[in-house]
>>> print(open('final-v6.cif').read())   # mmCIF, C-alpha atoms
data_entry
loop_
_atom_site.label_atom_id
_atom_site.label_comp_id
_atom_site.auth_asym_id
_atom_site.auth_seq_id
_atom_site.Cartn_x
_atom_site.Cartn_y
_atom_site.Cartn_z
CA MET A 1151 -8.38 -25.08 -61.25
CA SER A 1152 -10.82 -24.72 -58.38
CA ASN A 1153 -13.26 -21.82 -58.35
CA ASP A 1154 -16.71 -20.92 -57.07
CA CYS A 1155 -18.28 -22.48 -60.15
CA SER A 1156 -16.58 -25.86 -60.05
CA SER A 1157 -17.25 -26.23 -56.34
CA ALA A 1158 -20.93 -25.47 -57.03
CA GLY A 1159 -21.08 -28.22 -59.67
CA LEU A 1160 -21.52 -25.86 -62.61
CA ALA A 1161 -20.86 -27.89 -65.74
CA ASP A 1162 -22.01 -25.85 -68.72
CA CYS A 1163 -22.11 -22.07 -68.61
CA VAL A 1164 -22.62 -20.70 -72.13
CA TYR A 1165 -22.33 -17.17 -73.48
CA TYR A 1166 -24.61 -17.49 -76.53
CA VAL A 1167 -24.48 -14.11 -78.20
CA ALA A 1168 -24.52 -12.10 -81.42
CA ALA A 1169 -21.80 -9.50 -81.90
CA SER A 1170 -20.86 -6.97 -84.55
CA VAL A 1171 -17.56 -7.42 -86.39
CA ASP A 1172 -16.08 -4.71 -84.19
CA GLY A 1173 -17.03 -6.55 -81.00
CA PHE A 1174 -20.25 -4.95 -79.75
CA ILE A 1175 -23.39 -6.77 -78.58
CA ALA A 1176 -25.56 -3.65 -78.58
CA GLY A 1177 -25.27 -0.29 -80.23
CA PRO A 1178 -25.08 3.10 -78.57
CA ASN A 1179 -27.71 3.48 -75.82
CA GLY A 1180 -28.13 -0.32 -75.78
CA SER A 1181 -29.94 -0.40 -79.12
CA MET A 1182 -30.55 -3.82 -80.68
CA ASP A 1183 -32.01 -2.37 -83.90
CA TRP A 1184 -28.86 -3.28 -85.83
CA LEU A 1185 -29.95 -6.95 -85.72
CA LYS A 1186 -33.35 -6.40 -87.37
CA PRO A 1187 -32.09 -6.61 -91.00
CA PHE A 1188 -30.79 -10.11 -90.21
CA GLU A 1189 -34.00 -11.45 -88.65
CA ASP A 1190 -35.39 -13.54 -91.48
CA GLY A 1191 -37.08 -16.26 -89.44
CA THR A 1192 -34.14 -18.66 -89.66
CA ASP A 1193 -33.62 -20.46 -86.35
CA TYR A 1194 -29.85 -21.18 -86.58
CA GLY A 1195 -30.15 -23.76 -83.76
CA TYR A 1196 -31.59 -21.32 -81.21
CA GLU A 1197 -34.63 -23.43 -80.25
CA GLN A 1198 -32.50 -26.54 -79.73
CA PHE A 1199 -30.06 -24.53 -77.64
CA LEU A 1200 -32.89 -23.01 -75.57
CA ARG A 1201 -34.36 -26.47 -74.85
CA GLY A 1202 -31.07 -27.38 -73.15
CA VAL A 1203 -31.07 -24.28 -70.93
CA GLY A 1204 -32.37 -24.44 -67.36
CA THR A 1205 -31.16 -21.07 -66.13
CA VAL A 1206 -30.66 -17.71 -67.81
CA VAL A 1207 -28.26 -15.30 -66.12
CA MET A 1208 -28.14 -11.63 -66.96
CA GLY A 1209 -27.28 -8.24 -65.64
CA ARG A 1210 -29.90 -5.81 -64.42
CA LYS A 1211 -29.83 -3.70 -67.60
CA THR A 1212 -30.21 -6.77 -69.82
CA PHE A 1213 -33.11 -7.92 -67.63
CA GLU A 1214 -34.84 -4.55 -67.94
CA ASP A 1215 -34.28 -4.53 -71.73
CA SER A 1216 -35.62 -8.10 -72.03
CA ILE A 1217 -38.82 -7.14 -70.27
CA ARG A 1218 -39.16 -3.95 -72.32
CA LEU A 1219 -38.50 -5.70 -75.65
CA GLY A 1220 -40.88 -8.49 -74.64
CA GLY A 1221 -43.72 -6.02 -74.14
CA GLY A 1222 -43.62 -6.44 -70.37
CA VAL A 1223 -43.61 -10.24 -70.59
CA TRP A 1224 -40.74 -12.45 -69.38
CA PRO A 1225 -39.24 -13.89 -72.61
CA TYR A 1226 -37.83 -17.06 -71.00
CA PRO A 1227 -40.78 -18.82 -69.33
CA GLY A 1228 -39.87 -21.80 -67.19
CA LYS A 1229 -36.23 -20.74 -66.87
CA ALA A 1230 -34.65 -19.85 -63.55
CA ALA A 1231 -33.29 -16.32 -63.72
CA PRO A 1232 -30.76 -14.93 -61.24
CA ILE A 1233 -30.18 -11.27 -62.02
CA SER A 1234 -26.76 -9.70 -61.47
CA SER A 1235 -26.07 -6.16 -60.42
CA THR A 1236 -23.09 -4.39 -58.94
CA ALA A 1237 -25.50 -1.94 -57.32
CA SER A 1238 -26.71 -4.34 -54.61
CA GLY A 1239 -25.30 -7.04 -52.34
CA GLY A 1240 -25.75 -10.74 -52.84
CA LEU A 1241 -23.85 -13.88 -53.71
CA GLY A 1242 -20.66 -13.01 -55.59
CA VAL A 1243 -19.43 -15.14 -58.49
CA GLY A 1244 -16.19 -13.93 -60.04
CA GLY A 1245 -17.02 -10.37 -58.96
CA ALA A 1246 -20.60 -10.42 -60.27
CA GLU A 1247 -23.30 -9.96 -57.66
CA VAL A 1248 -26.28 -12.29 -57.92
CA VAL A 1249 -29.20 -10.57 -56.24
CA GLY A 1250 -32.27 -12.61 -57.09
CA GLY A 1251 -33.52 -15.74 -58.78
CA ALA A 1252 -36.39 -18.03 -59.50
CA GLY A 1253 -35.22 -21.46 -58.38
CA GLY A 1254 -34.10 -24.20 -60.73
CA GLY A 1255 -30.78 -25.84 -61.43
CA ALA A 1256 -27.55 -24.10 -62.25
CA GLY A 1257 -26.07 -26.63 -64.63
CA GLY A 1258 -23.93 -29.57 -63.64
CA ALA A 1259 -23.50 -33.07 -65.00
CA GLY A 1260 -26.79 -34.19 -66.52
CA ARG A 1261 -28.44 -30.87 -65.68
CA PRO A 1262 -29.54 -28.08 -68.03
CA SER A 1263 -27.06 -25.44 -69.16
CA VAL A 1264 -26.75 -21.93 -67.82
CA TRP A 1265 -27.11 -19.29 -70.53
CA VAL A 1266 -25.34 -16.00 -69.93
CA VAL A 1267 -27.71 -13.73 -71.85
CA GLY A 1268 -25.70 -10.58 -71.12
CA GLY A 1269 -24.36 -8.10 -70.67
CA GLY A 1270 -20.77 -8.06 -71.64
CA GLY A 1271 -19.52 -6.98 -68.21
CA LEU A 1272 -21.20 -9.93 -66.51
CA ALA A 1273 -19.87 -12.32 -69.16
CA TRP A 1274 -16.34 -10.99 -68.59
CA GLN A 1275 -16.63 -11.48 -64.82
CA LEU A 1276 -17.68 -15.10 -65.39
CA VAL A 1277 -14.77 -15.66 -67.79
CA ARG A 1278 -12.33 -14.13 -65.28
CA GLY A 1279 -13.81 -16.27 -62.52
CA GLY A 1280 -13.28 -19.44 -64.55
CA CYS A 1281 -17.01 -20.11 -64.84
CA MET A 1282 -17.56 -19.79 -68.59
CA THR A 1283 -17.35 -23.16 -70.33
CA ARG A 1284 -18.47 -22.24 -73.85
CA LEU A 1285 -18.80 -19.27 -76.15
CA VAL A 1286 -21.32 -19.54 -78.99
CA MET A 1287 -20.95 -16.30 -80.94
CA SER A 1288 -22.63 -15.26 -84.16
CA VAL A 1289 -20.60 -12.52 -85.82
CA ILE A 1290 -22.92 -10.18 -87.69
CA PRO A 1291 -21.41 -8.30 -90.66
CA VAL A 1292 -22.06 -4.84 -89.23
CA VAL A 1293 -19.69 -2.22 -87.83
CA LEU A 1294 -21.32 -0.38 -84.93
CA GLY A 1295 -18.38 1.80 -83.96
CA GLY A 1296 -19.49 1.90 -80.32
CA GLY A 1297 -21.97 0.55 -77.84
CA ILE A 1298 -21.91 -2.30 -75.35
CA PRO A 1299 -18.79 -4.45 -75.82
CA LEU A 1300 -18.83 -8.24 -76.08
CA PHE A 1301 -16.71 -8.41 -72.90
#
>>> encode(input="final-v6.cif", output="structure tokens")
Amino acid sequence: MSNDCSSAGLADCVYYVAASVDGFIAGPNGSMDWLKPFEDGTDYGYEQFLRGVGTVVMGRKTFEDSIRLGGGVWPYPGKAAPISSTASGGLGVGGAEVVGGAGGGAGGAGRPSVWVVGGGGLAWQLVRGGCMTRLVMSVIPVVLGGGIPLF
């Protein structure tokens, strides 16, 4: 199957995400507080995964939340970071609009992975476009009942 991603040499595009048992990645109003009771300092392979990432891709809201939660500091230093938004023009990939970036590779054989940080809408567009190569999902034993869906 040929698509924008395969023609661009994208080899490993990973949606590495935590989700509630009812399929939400954030609670109502985008809250991530539901994860706090499970933050016990255990790494669960995150650092190894992050070492293999060259580019983080996220939607505008996820970008804004990342900066806010990081106290105004970019939480992924040294990682290229195209930001997607349907509000502006740019390079389309499976319906998602890439509107900015910070250089760096976008995956490919022997190149670092692309991590789809979020949100769910962007992840779904990449799945529909045939770009997503892996899903690494941690299911957290919490029922949120609403919020931002996994896809």
>>> residues_around(input="final-v6.cif", residues="Val1167 in chain A", least_positions_apart="4", cutoff="7 Å", atoms="only C-alpha atoms", output="PDB file with C-alpha atoms, in the coordinates of the input")
ATOM      1  CA  VAL A1286     -21.320 -19.540 -78.990  1.00  0.00           C
ATOM      2  CA  MET A1287     -20.950 -16.300 -80.940  1.00  0.00           C
ATOM      3  CA  SER A1288     -22.630 -15.260 -84.160  1.00  0.00           C
TER       4      SER A1288
END
>>> residues_around(input="final-v6.cif", residues="Val1267 in chain A", least_positions_apart="6", cutoff="7 Å", atoms="all atoms listed in the file", output="PDB file with C-alpha atoms, keeping the file's coordinate frame")
ATOM      1  CA  TYR A1165     -22.330 -17.170 -73.480  1.00  0.00           C
ATOM      2  CA  TYR A1166     -24.610 -17.490 -76.530  1.00  0.00           C
ATOM      3  CA  VAL A1206     -30.660 -17.710 -67.810  1.00  0.00           C
ATOM      4  CA  VAL A1207     -28.260 -15.300 -66.120  1.00  0.00           C
ATOM      5  CA  MET A1208     -28.140 -11.630 -66.960  1.00  0.00           C
TER       6      MET A1208
END
>>> atom_distance(input="final-v6.cif", atom1="CA of Gly1195 in chain A", atom2="CA of Pro1227 in chain A")
18.6 Å
>>> closest_residue(input="final-v6.cif", among="A:Asp1162, A:Glu1214, A:Asp1183, A:Glu1189", to="Gly1202 in chain A", atoms="all atoms listed in the file")
A:Asp1162
>>> closest_residue(input="final-v6.cif", among="A:Gly1295, A:Gly1221, A:Gly1204, A:Gly1177", to="Val1164 in chain A", atoms="all atoms listed in the file")
A:Gly1204
>>> build_atoms(input="final-v6.cif", residues="range 1204-1230 of chain A", atoms="N, CA and C atoms", output="short mmCIF file (atom, residue, chain, number, x, y, z; two decimals), in the coordinates of the input")
data_model
loop_
_atom_site.label_atom_id
_atom_site.label_comp_id
_atom_site.auth_asym_id
_atom_site.auth_seq_id
_atom_site.Cartn_x
_atom_site.Cartn_y
_atom_site.Cartn_z
N GLY A 1204 -31.52 -24.43 -68.55
CA GLY A 1204 -32.37 -24.44 -67.36
C GLY A 1204 -32.38 -23.11 -66.65
N THR A 1205 -31.31 -22.34 -66.83
CA THR A 1205 -31.16 -21.07 -66.13
C THR A 1205 -30.62 -20.03 -67.09
N VAL A 1206 -31.20 -18.85 -67.07
CA VAL A 1206 -30.66 -17.71 -67.81
C VAL A 1206 -30.11 -16.73 -66.78
N VAL A 1207 -28.91 -16.23 -67.03
CA VAL A 1207 -28.26 -15.30 -66.12
C VAL A 1207 -28.02 -14.01 -66.90
N MET A 1208 -28.33 -12.91 -66.28
CA MET A 1208 -28.14 -11.63 -66.96
C MET A 1208 -27.95 -10.52 -65.96
N GLY A 1209 -27.40 -9.44 -66.45
CA GLY A 1209 -27.28 -8.24 -65.64
C GLY A 1209 -28.60 -7.51 -65.56
N ARG A 1210 -28.66 -6.57 -64.64
CA ARG A 1210 -29.90 -5.81 -64.42
C ARG A 1210 -30.37 -5.09 -65.67
N LYS A 1211 -29.44 -4.44 -66.40
CA LYS A 1211 -29.83 -3.70 -67.60
C LYS A 1211 -30.37 -4.64 -68.68
N THR A 1212 -29.74 -5.80 -68.84
CA THR A 1212 -30.21 -6.77 -69.82
C THR A 1212 -31.60 -7.27 -69.42
N PHE A 1213 -31.80 -7.50 -68.12
CA PHE A 1213 -33.11 -7.92 -67.63
C PHE A 1213 -34.17 -6.88 -67.96
N GLU A 1214 -33.87 -5.62 -67.66
CA GLU A 1214 -34.84 -4.55 -67.94
C GLU A 1214 -35.12 -4.45 -69.44
N ASP A 1215 -34.08 -4.57 -70.27
CA ASP A 1215 -34.28 -4.53 -71.73
C ASP A 1215 -35.10 -5.72 -72.21
N SER A 1216 -34.86 -6.90 -71.64
CA SER A 1216 -35.62 -8.10 -72.03
C SER A 1216 -37.10 -7.92 -71.76
N ILE A 1217 -37.42 -7.37 -70.62
CA ILE A 1217 -38.82 -7.14 -70.27
C ILE A 1217 -39.43 -6.08 -71.20
N ARG A 1218 -38.67 -5.01 -71.44
CA ARG A 1218 -39.16 -3.95 -72.32
C ARG A 1218 -39.38 -4.47 -73.74
N LEU A 1219 -38.39 -5.17 -74.29
CA LEU A 1219 -38.50 -5.70 -75.65
C LEU A 1219 -39.57 -6.78 -75.77
N GLY A 1220 -39.85 -7.46 -74.65
CA GLY A 1220 -40.88 -8.49 -74.64
C GLY A 1220 -42.26 -7.95 -74.35
N GLY A 1221 -42.42 -6.62 -74.40
CA GLY A 1221 -43.72 -6.02 -74.14
C GLY A 1221 -44.20 -6.22 -72.72
N GLY A 1222 -43.26 -6.27 -71.77
CA GLY A 1222 -43.62 -6.44 -70.37
C GLY A 1222 -43.75 -7.89 -69.94
N VAL A 1223 -43.48 -8.81 -70.87
CA VAL A 1223 -43.61 -10.24 -70.59
C VAL A 1223 -42.22 -10.87 -70.51
N TRP A 1224 -42.00 -11.74 -69.52
CA TRP A 1224 -40.74 -12.45 -69.38
C TRP A 1224 -40.52 -13.35 -70.60
N PRO A 1225 -39.43 -13.15 -71.36
CA PRO A 1225 -39.24 -13.89 -72.61
C PRO A 1225 -38.69 -15.31 -72.45
N TYR A 1226 -38.40 -15.72 -71.22
CA TYR A 1226 -37.83 -17.06 -71.00
C TYR A 1226 -38.67 -17.83 -69.98
N PRO A 1227 -39.93 -18.13 -70.30
CA PRO A 1227 -40.78 -18.82 -69.33
C PRO A 1227 -40.22 -20.19 -68.96
N GLY A 1228 -40.33 -20.51 -67.67
CA GLY A 1228 -39.87 -21.80 -67.19
C GLY A 1228 -38.37 -21.87 -66.91
N LYS A 1229 -37.67 -20.77 -67.12
CA LYS A 1229 -36.23 -20.74 -66.87
C LYS A 1229 -35.95 -19.99 -65.57
N ALA A 1230 -35.10 -20.56 -64.74
CA ALA A 1230 -34.65 -19.85 -63.55
C ALA A 1230 -33.87 -18.63 -64.01
#
